[in-house]
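**Student:** My questions all concern the structure below.
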Amino acid sequence: MSEWLTKTLTLNTGAEVPVIGLGVFASRDPVEQAKATPWILTALQAGYRHIDTAWIYGTEKPVGDAIKASGIPREELFVTTKLPWNHGKRVQSSIDQSLKNAGLDYFDLYLMHWPHCVVYDENDARPRHPDGQIKLDETGSFNDTWAEMEKVLASGKAKAIGVSNFSIKTMEELFKTAKVTPAMLQVEMHPYLAQNELLAYCKEKGIVVTAYAPTGSYLTVREDPTVCEIAKRYGATPIILSWHVDRDVVVVPKSADARRQKENCQESILDLSEADVQIINALNRNQRVCNKPDEFEKVWGWSMERLGWAEFM
């Protein structure tokens, strides 16, 4: 089996997480979400053992269906899902619903998807005011939600808990009340958004980082002249994923294409020199692919400053 599929990092719980996983965001279209099972199954058949989903992705059921169809023992898999931003006050019922959706007894990792809380509307996960702004629920805080996440951990319904889209600023706020240190932080990360300070912060705290949008695909980071030159010297193409792994970062690229799924993990992990890692680190532009500010200069209802993203474009 490919080195990509057997290499792991150790969480602060002692559990091992495969360094490459399959991100299973499909689209906001329920029809497309329902079609995800076949391409999740091809990834499992190709050797992937780490699947990254979320309640708001609408793909928890397709993940469960693919796992069942694969015949792979549950204990050989690492499955992550995420608490949606509109379930901050219904964490216990939300984890139960996610488990039911996936047909699983537990998740290996349960993440708070966003630090902010959106008003609960059973018919709309993204409710908006008449002017188009997201309806926020300001009556609680992510500290309160984290306390409920800690109860999920204690129940055994999740083997580890963590956060997503947090910054050093919001992590520091979380630590004021947290009894359990997050096992994982999942954020957008690629050479144009290297997040060097955040990564160093997490390593100091013993928190593993997962990169979503790890290749910065929409920015064509893979075609960056510096990236291409380094790849040429090593005679290989998965140079960006190797850069992540050399920095002890987990990656969850999304691909519904069986060929691309195999390409992402069939090569050996490159042992990049420290000099080359630093060269790629220096490509950082603080440039985001995902979740950019909207016409209100906010990201899903929060300002960049409130998110702790003020330095990012």
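So you can find residues: chains in the structure tokens are A, B, ... in the order shown, residues in each start at 1, and ligands are numbered from 1 in order.
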List the spatial neighbours of A:Thr215 as a compact mmCIF listing (two decimals) with N, CA and C atoms, in the first residue's frame - criterion: any atom at most 9 Å away, only C-alpha atoms, same-chain residues fewer than 2 positions off excluded.
**Tutor:**
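Output saved as out07.txt:
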```txt
# COMPACT_ATOMS: atom_id res chain seq x y z
N MET A 189 -5.36 25.81 4.23
CA MET A 189 -3.89 25.94 4.26
C MET A 189 -3.31 25.41 2.96
N HIS A 190 -2.44 26.21 2.35
CA HIS A 190 -1.74 25.84 1.13
C HIS A 190 -0.58 26.82 0.99
N PRO A 191 0.29 26.69 0.01
CA PRO A 191 1.46 27.57 -0.05
C PRO A 191 1.15 29.06 -0.10
N TYR A 212 -7.59 21.98 4.76
CA TYR A 212 -8.55 21.81 3.66
C TYR A 212 -8.14 22.74 2.54
N ALA A 213 -8.61 22.46 1.33
CA ALA A 213 -8.11 23.14 0.11
C ALA A 213 -6.58 23.10 0.11
N SER A 217 -6.17 24.80 -5.17
CA SER A 217 -6.46 24.49 -6.57
C SER A 217 -7.00 25.67 -7.36
N TYR A 218 -7.94 26.41 -6.79
CA TYR A 218 -8.57 27.48 -7.56
C TYR A 218 -7.61 28.63 -7.84
N LEU A 219 -6.50 28.68 -7.10
CA LEU A 219 -5.49 29.71 -7.33
C LEU A 219 -4.38 29.20 -8.23
N THR A 220 -4.53 27.96 -8.72
CA THR A 220 -3.51 27.30 -9.55
C THR A 220 -2.14 27.36 -8.89
N VAL A 221 -2.12 27.12 -7.57
CA VAL A 221 -0.85 27.12 -6.83
C VAL A 221 0.09 26.06 -7.39
N ARG A 222 -0.48 24.98 -7.89
CA ARG A 222 0.36 23.89 -8.43
C ARG A 222 1.16 24.33 -9.64
N ILE A 240 3.11 19.64 -3.33
CA ILE A 240 2.43 20.44 -2.31
C ILE A 240 1.95 19.55 -1.16
N LEU A 241 1.42 18.38 -1.49
CA LEU A 241 0.99 17.48 -0.43
C LEU A 241 2.18 17.02 0.40
N PRO A 253 -7.74 16.49 0.64
CA PRO A 253 -8.17 16.95 -0.68
C PRO A 253 -9.46 16.26 -1.09
```
**Student:** Which residues of stretch 189-235 of chain A come within 12 Å of stretch 168-179 of chain A, and what is each one's closest atom pair and distance in Å (one decimal), counting only C-alpha atoms, sorted by chain and residue number, as CSV?
**Tutor:**
```
residue,atom,partner,partner_atom,distance
A:Gln195,CA,A:Ile168,CA,10.4
A:Asn196,CA,A:Ile168,CA,11.4
A:Glu197,CA,A:Ile168,CA,8.5
A:Leu198,CA,A:Ile168,CA,6.2
A:Leu199,CA,A:Ile168,CA,9.6
A:Ala200,CA,A:Ile168,CA,10.3
A:Tyr201,CA,A:Ile168,CA,7.4
A:Cys202,CA,A:Ile168,CA,8.6
A:Glu204,CA,A:Ile168,CA,11.9
A:Lys205,CA,A:Met171,CA,10.4
A:Ile207,CA,A:Met171,CA,11.0
```
**Student:** As a PyMOL selection string, please: all residues of stretch 87-313 of chain A that backbone DSSP puts in strand (DSSP E or B).
**Tutor:** chain A and resi 107+109-112+118+128+134+136+158+161-164+184-188+190+193+208-212+249-251+298-299+302-303
**Student:** Would you please extract all alpha helix (DSSP H) residues from stretch 103-280 of chain A, as assigned by DSSP on the backbone, and give them as a PyMOL selection string?
**Tutor:** chain A and resi 142-155+168-174+196-205+225-234+239-246+258-266+274-280
**Student:** Report as a ChimeraX atom specification all protein, DNA and RNA residues lying within 12 Å of stretch 257-265 of chain A, evaluated on only C-alpha atoms, omitting residues in the same chain fewer than 3 positions from it.
**Tutor:** /A:1-7,18-24,36,38-49,214-215,236-242,251-254,268-270
**Student:** With distances taken over only C-alpha atoms, which residue among A:Ala15, A:Leu99, A:Ala34, A:Ala54 lies nearest A:Met112?
**Tutor:**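 The answer is A:Ala54, which sits nearest to A:Met112.
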**Student:** Restricting the calculation to only C-alpha atoms: of A:Ile134, A:Ala310, A:Ile230, A:Ala256, which residue gets closest to A:Ala275?
**Tutor:**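 Comparing A:Ile134, A:Ala310, A:Ile230, A:Ala256 against A:Ala275, the winner is A:Ile230.
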**Student:** Determine the nearest neighbour of A:Lys159 from the options A:Val208, A:Leu9, A:Val17, A:Ala102, counting only C-alpha atoms.
**Tutor:**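 Of A:Val208, A:Leu9, A:Val17, A:Ala102, the one nearest A:Lys159 is A:Val17, counting only C-alpha atoms.
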**Student:** Mind giving me the straight-line distance from atom CA of A:Thr139 to atom CA of A:Phe107 in Å, one decimal?
**Tutor:**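 Pair atom CA of A:Thr139 / atom CA of A:Phe107 returns 28.5 Å.
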**Student:** Return the single residue from A:Ser167, A:Arg285, A:Asn291, A:Val79 that is closest to A:Glu305, with distances computed using only C-alpha atoms.
**Tutor:** A:Ser167
**Student:** Measuring between only C-alpha atoms, which one of A:Thr37, A:Ile56, A:Asp294, A:Trp302 shows the shortest distance to A:Ser70?
**Tutor:**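 So, comparing all the options, the nearest one is A:Thr37.
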**Student:** Please list as a list of chain:residue names every residue within 8 Å of A:Thr145, counting only C-alpha atoms and excluding residues in the same chain fewer than 4 positions away.
**Tutor:**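 Close residues of A:Thr145: A:Gly88, A:Lys89, A:Val91, A:Ser141, A:Met149.
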**Student:** Take the residues from that selection and write them out as a PDB file, in the first residue's frame, keeping all heavy atoms.
**Tutor:**
```pdb
ATOM      1  N   GLY A  88     -25.254  24.972  17.729  1.00  0.00           N
ATOM      2  CA  GLY A  88     -24.462  25.264  18.914  1.00  0.00           C
ATOM      3  C   GLY A  88     -25.192  25.031  20.216  1.00  0.00           C
ATOM      4  O   GLY A  88     -24.566  24.757  21.248  1.00  0.00           O
ATOM      5  N   LYS A  89     -26.521  25.107  20.174  1.00  0.00           N
ATOM      6  CA  LYS A  89     -27.321  24.898  21.384  1.00  0.00           C
ATOM      7  C   LYS A  89     -28.045  23.558  21.363  1.00  0.00           C
ATOM      8  O   LYS A  89     -28.933  23.307  22.185  1.00  0.00           O
ATOM      9  CB  LYS A  89     -28.319  26.040  21.543  1.00  0.00           C
ATOM     10  CG  LYS A  89     -27.639  27.385  21.816  1.00  0.00           C
ATOM     11  CD  LYS A  89     -28.648  28.491  22.012  1.00  0.00           C
ATOM     12  CE  LYS A  89     -27.943  29.799  22.337  1.00  0.00           C
ATOM     13  NZ  LYS A  89     -28.907  30.919  22.454  1.00  0.00           N
ATOM     14  N   VAL A  91     -26.102  20.451  20.654  1.00  0.00           N
ATOM     15  CA  VAL A  91     -24.950  19.596  20.328  1.00  0.00           C
ATOM     16  C   VAL A  91     -25.268  18.116  20.515  1.00  0.00           C
ATOM     17  O   VAL A  91     -24.930  17.285  19.663  1.00  0.00           O
ATOM     18  CB  VAL A  91     -23.727  19.991  21.178  1.00  0.00           C
ATOM     19  CG1 VAL A  91     -22.558  19.058  20.900  1.00  0.00           C
ATOM     20  CG2 VAL A  91     -23.332  21.437  20.898  1.00  0.00           C
ATOM     21  N   SER A 141     -21.869  31.444  23.251  1.00  0.00           N
ATOM     22  CA  SER A 141     -20.515  31.599  22.721  1.00  0.00           C
ATOM     23  C   SER A 141     -19.959  30.234  22.365  1.00  0.00           C
ATOM     24  O   SER A 141     -20.503  29.194  22.755  1.00  0.00           O
ATOM     25  CB  SER A 141     -19.600  32.251  23.760  1.00  0.00           C
ATOM     26  OG  SER A 141     -19.367  31.352  24.847  1.00  0.00           O
ATOM     27  N   MET A 149     -19.381  19.947  23.563  1.00  0.00           N
ATOM     28  CA  MET A 149     -18.516  19.035  22.801  1.00  0.00           C
ATOM     29  C   MET A 149     -17.742  18.122  23.764  1.00  0.00           C
ATOM     30  O   MET A 149     -17.540  16.932  23.484  1.00  0.00           O
ATOM     31  CB  MET A 149     -17.540  19.830  21.936  1.00  0.00           C
ATOM     32  CG  MET A 149     -18.162  20.705  20.871  1.00  0.00           C
ATOM     33  SD  MET A 149     -18.554  19.833  19.346  1.00  0.00           S
ATOM     34  CE  MET A 149     -16.926  19.560  18.658  1.00  0.00           C
TER      35      MET A 149
END
```
**Student:** Considering only C-alpha atoms, can you say which of A:His87, A:Phe166, A:Gly206, A:Gln92 comes closest to A:Glu122?
**Tutor:**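 Closest to A:Glu122, using only C-alpha atoms: A:His87.
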**Student:** Residues within 12 Å of A:Leu83, please, as number ranges by chain. Count only C-alpha atoms; anything in the same chain fewer than 3 positions from it doesn't count.
**Tutor:** A: 53-57, 60, 80, 86-99, 107, 109-118, 125, 142, 145-146, 148-149, 152, 158, 161-164
**Student:** Using the selection just defined, write its residues with N, CA and C atoms as a CSV table (one decimal), in the first residue's frame.
**Tutor:**
```csv
chain,number,residue,atom,x,y,z
A,53,THR,N,-16.1,14.4,6.6
A,53,THR,CA,-17.4,14.9,6.2
A,53,THR,C,-17.9,16.0,7.2
A,54,ALA,N,-19.1,16.4,7.0
A,54,ALA,CA,-19.7,17.4,8.0
A,54,ALA,C,-21.2,17.3,7.8
A,55,TRP,N,-21.9,17.6,8.9
A,55,TRP,CA,-23.4,17.7,8.8
A,55,TRP,C,-23.8,18.6,7.7
A,56,ILE,N,-23.2,19.8,7.6
A,56,ILE,CA,-23.7,20.8,6.6
A,56,ILE,C,-23.3,20.4,5.2
A,57,TYR,N,-22.4,19.4,5.0
A,57,TYR,CA,-22.1,19.0,3.7
A,57,TYR,C,-23.2,18.1,3.1
A,60,GLU,N,-23.0,12.9,5.2
A,60,GLU,CA,-22.8,11.8,6.2
A,60,GLU,C,-23.4,10.5,5.8
A,80,THR,N,-14.3,11.6,10.3
A,80,THR,CA,-14.5,12.9,10.9
A,80,THR,C,-15.8,13.5,10.4
A,86,ASN,N,-25.3,26.1,13.2
A,86,ASN,CA,-26.7,26.4,13.7
A,86,ASN,C,-27.1,25.4,14.8
A,87,HIS,N,-26.2,24.5,15.2
A,87,HIS,CA,-26.5,23.5,16.2
A,87,HIS,C,-25.7,23.8,17.5
A,88,GLY,N,-25.3,25.0,17.7
A,88,GLY,CA,-24.5,25.3,18.9
A,88,GLY,C,-25.2,25.0,20.2
A,89,LYS,N,-26.5,25.1,20.2
A,89,LYS,CA,-27.3,24.9,21.4
A,89,LYS,C,-28.0,23.6,21.4
A,90,ARG,N,-27.7,22.7,20.4
A,90,ARG,CA,-28.3,21.4,20.3
A,90,ARG,C,-27.2,20.3,20.0
A,91,VAL,N,-26.1,20.5,20.7
A,91,VAL,CA,-25.0,19.6,20.3
A,91,VAL,C,-25.3,18.1,20.5
A,92,GLN,N,-25.9,17.8,21.6
A,92,GLN,CA,-26.2,16.4,21.9
A,92,GLN,C,-27.1,15.7,20.9
A,93,SER,N,-28.2,16.4,20.5
A,93,SER,CA,-29.1,15.9,19.5
A,93,SER,C,-28.4,15.9,18.1
A,94,SER,N,-27.5,16.8,17.9
A,94,SER,CA,-26.8,16.9,16.6
A,94,SER,C,-25.9,15.8,16.4
A,95,ILE,N,-25.1,15.4,17.4
A,95,ILE,CA,-24.2,14.3,17.2
A,95,ILE,C,-25.0,13.0,17.0
A,96,ASP,N,-26.1,12.9,17.7
A,96,ASP,CA,-27.0,11.7,17.5
A,96,ASP,C,-27.5,11.6,16.1
A,97,GLN,N,-27.9,12.8,15.6
A,97,GLN,CA,-28.4,12.8,14.2
A,97,GLN,C,-27.3,12.5,13.2
A,98,SER,N,-26.1,13.0,13.4
A,98,SER,CA,-25.0,12.7,12.6
A,98,SER,C,-24.7,11.2,12.6
A,99,LEU,N,-24.7,10.6,13.8
A,99,LEU,CA,-24.4,9.1,13.9
A,99,LEU,C,-25.5,8.3,13.1
A,107,PHE,N,-17.9,8.5,16.0
A,107,PHE,CA,-16.9,9.2,15.0
A,107,PHE,C,-15.6,9.2,15.7
A,109,LEU,N,-13.5,11.6,15.1
A,109,LEU,CA,-13.2,13.0,15.4
A,109,LEU,C,-14.4,13.8,15.1
A,110,TYR,N,-14.7,14.7,16.0
A,110,TYR,CA,-15.9,15.6,15.9
A,110,TYR,C,-15.4,17.0,16.1
A,111,LEU,N,-15.6,17.8,15.0
A,111,LEU,CA,-15.1,19.2,15.0
A,111,LEU,C,-16.3,20.2,15.1
A,112,MET,N,-16.0,21.3,15.9
A,112,MET,CA,-16.9,22.4,15.8
A,112,MET,C,-16.5,23.2,14.5
A,113,HIS,N,-17.5,23.2,13.6
A,113,HIS,CA,-17.2,23.6,12.2
A,113,HIS,C,-16.8,25.1,12.1
A,114,TRP,N,-17.4,26.0,12.9
A,114,TRP,CA,-17.1,27.4,12.9
A,114,TRP,C,-17.2,27.9,14.4
A,115,PRO,N,-16.5,29.0,14.7
A,115,PRO,CA,-16.6,29.6,16.0
A,115,PRO,C,-17.9,30.3,16.3
A,116,HIS,N,-18.6,30.7,15.3
A,116,HIS,CA,-19.8,31.5,15.5
A,116,HIS,C,-21.0,30.6,15.4
A,117,CYS,N,-22.1,31.1,16.0
A,117,CYS,CA,-23.4,30.4,16.0
A,117,CYS,C,-24.4,31.1,15.2
A,118,VAL,N,-25.1,30.4,14.3
A,118,VAL,CA,-26.1,30.9,13.4
A,118,VAL,C,-27.5,30.5,14.0
A,125,ALA,N,-30.1,26.1,6.8
A,125,ALA,CA,-28.8,26.1,7.6
A,125,ALA,C,-28.1,27.4,7.4
A,142,PHE,N,-18.9,30.2,21.6
A,142,PHE,CA,-18.2,29.0,21.3
A,142,PHE,C,-17.7,28.3,22.5
A,145,THR,N,-20.5,26.1,23.6
A,145,THR,CA,-20.6,25.0,22.6
A,145,THR,C,-19.5,24.0,22.9
A,146,TRP,N,-18.3,24.4,23.2
A,146,TRP,CA,-17.2,23.5,23.5
A,146,TRP,C,-17.4,22.7,24.7
A,148,GLU,N,-20.2,21.6,25.6
A,148,GLU,CA,-21.1,20.5,25.2
A,148,GLU,C,-20.3,19.5,24.3
A,149,MET,N,-19.4,19.9,23.6
A,149,MET,CA,-18.5,19.0,22.8
A,149,MET,C,-17.7,18.1,23.8
A,152,VAL,N,-19.8,15.3,24.6
A,152,VAL,CA,-19.8,14.3,23.5
A,152,VAL,C,-18.6,13.3,23.7
A,158,ALA,N,-17.8,10.3,20.2
A,158,ALA,CA,-16.7,10.8,19.4
A,158,ALA,C,-15.4,10.4,20.2
A,161,ILE,N,-12.2,15.3,19.9
A,161,ILE,CA,-12.9,16.5,19.5
A,161,ILE,C,-11.9,17.6,19.1
A,162,GLY,N,-12.4,18.5,18.3
A,162,GLY,CA,-11.5,19.6,17.8
A,162,GLY,C,-12.3,20.7,17.3
A,163,VAL,N,-11.7,21.6,16.6
A,163,VAL,CA,-12.3,22.8,16.0
A,163,VAL,C,-11.9,23.1,14.6
A,164,SER,N,-12.6,23.9,13.9
A,164,SER,CA,-12.3,24.2,12.5
A,164,SER,C,-12.5,25.7,12.3
```
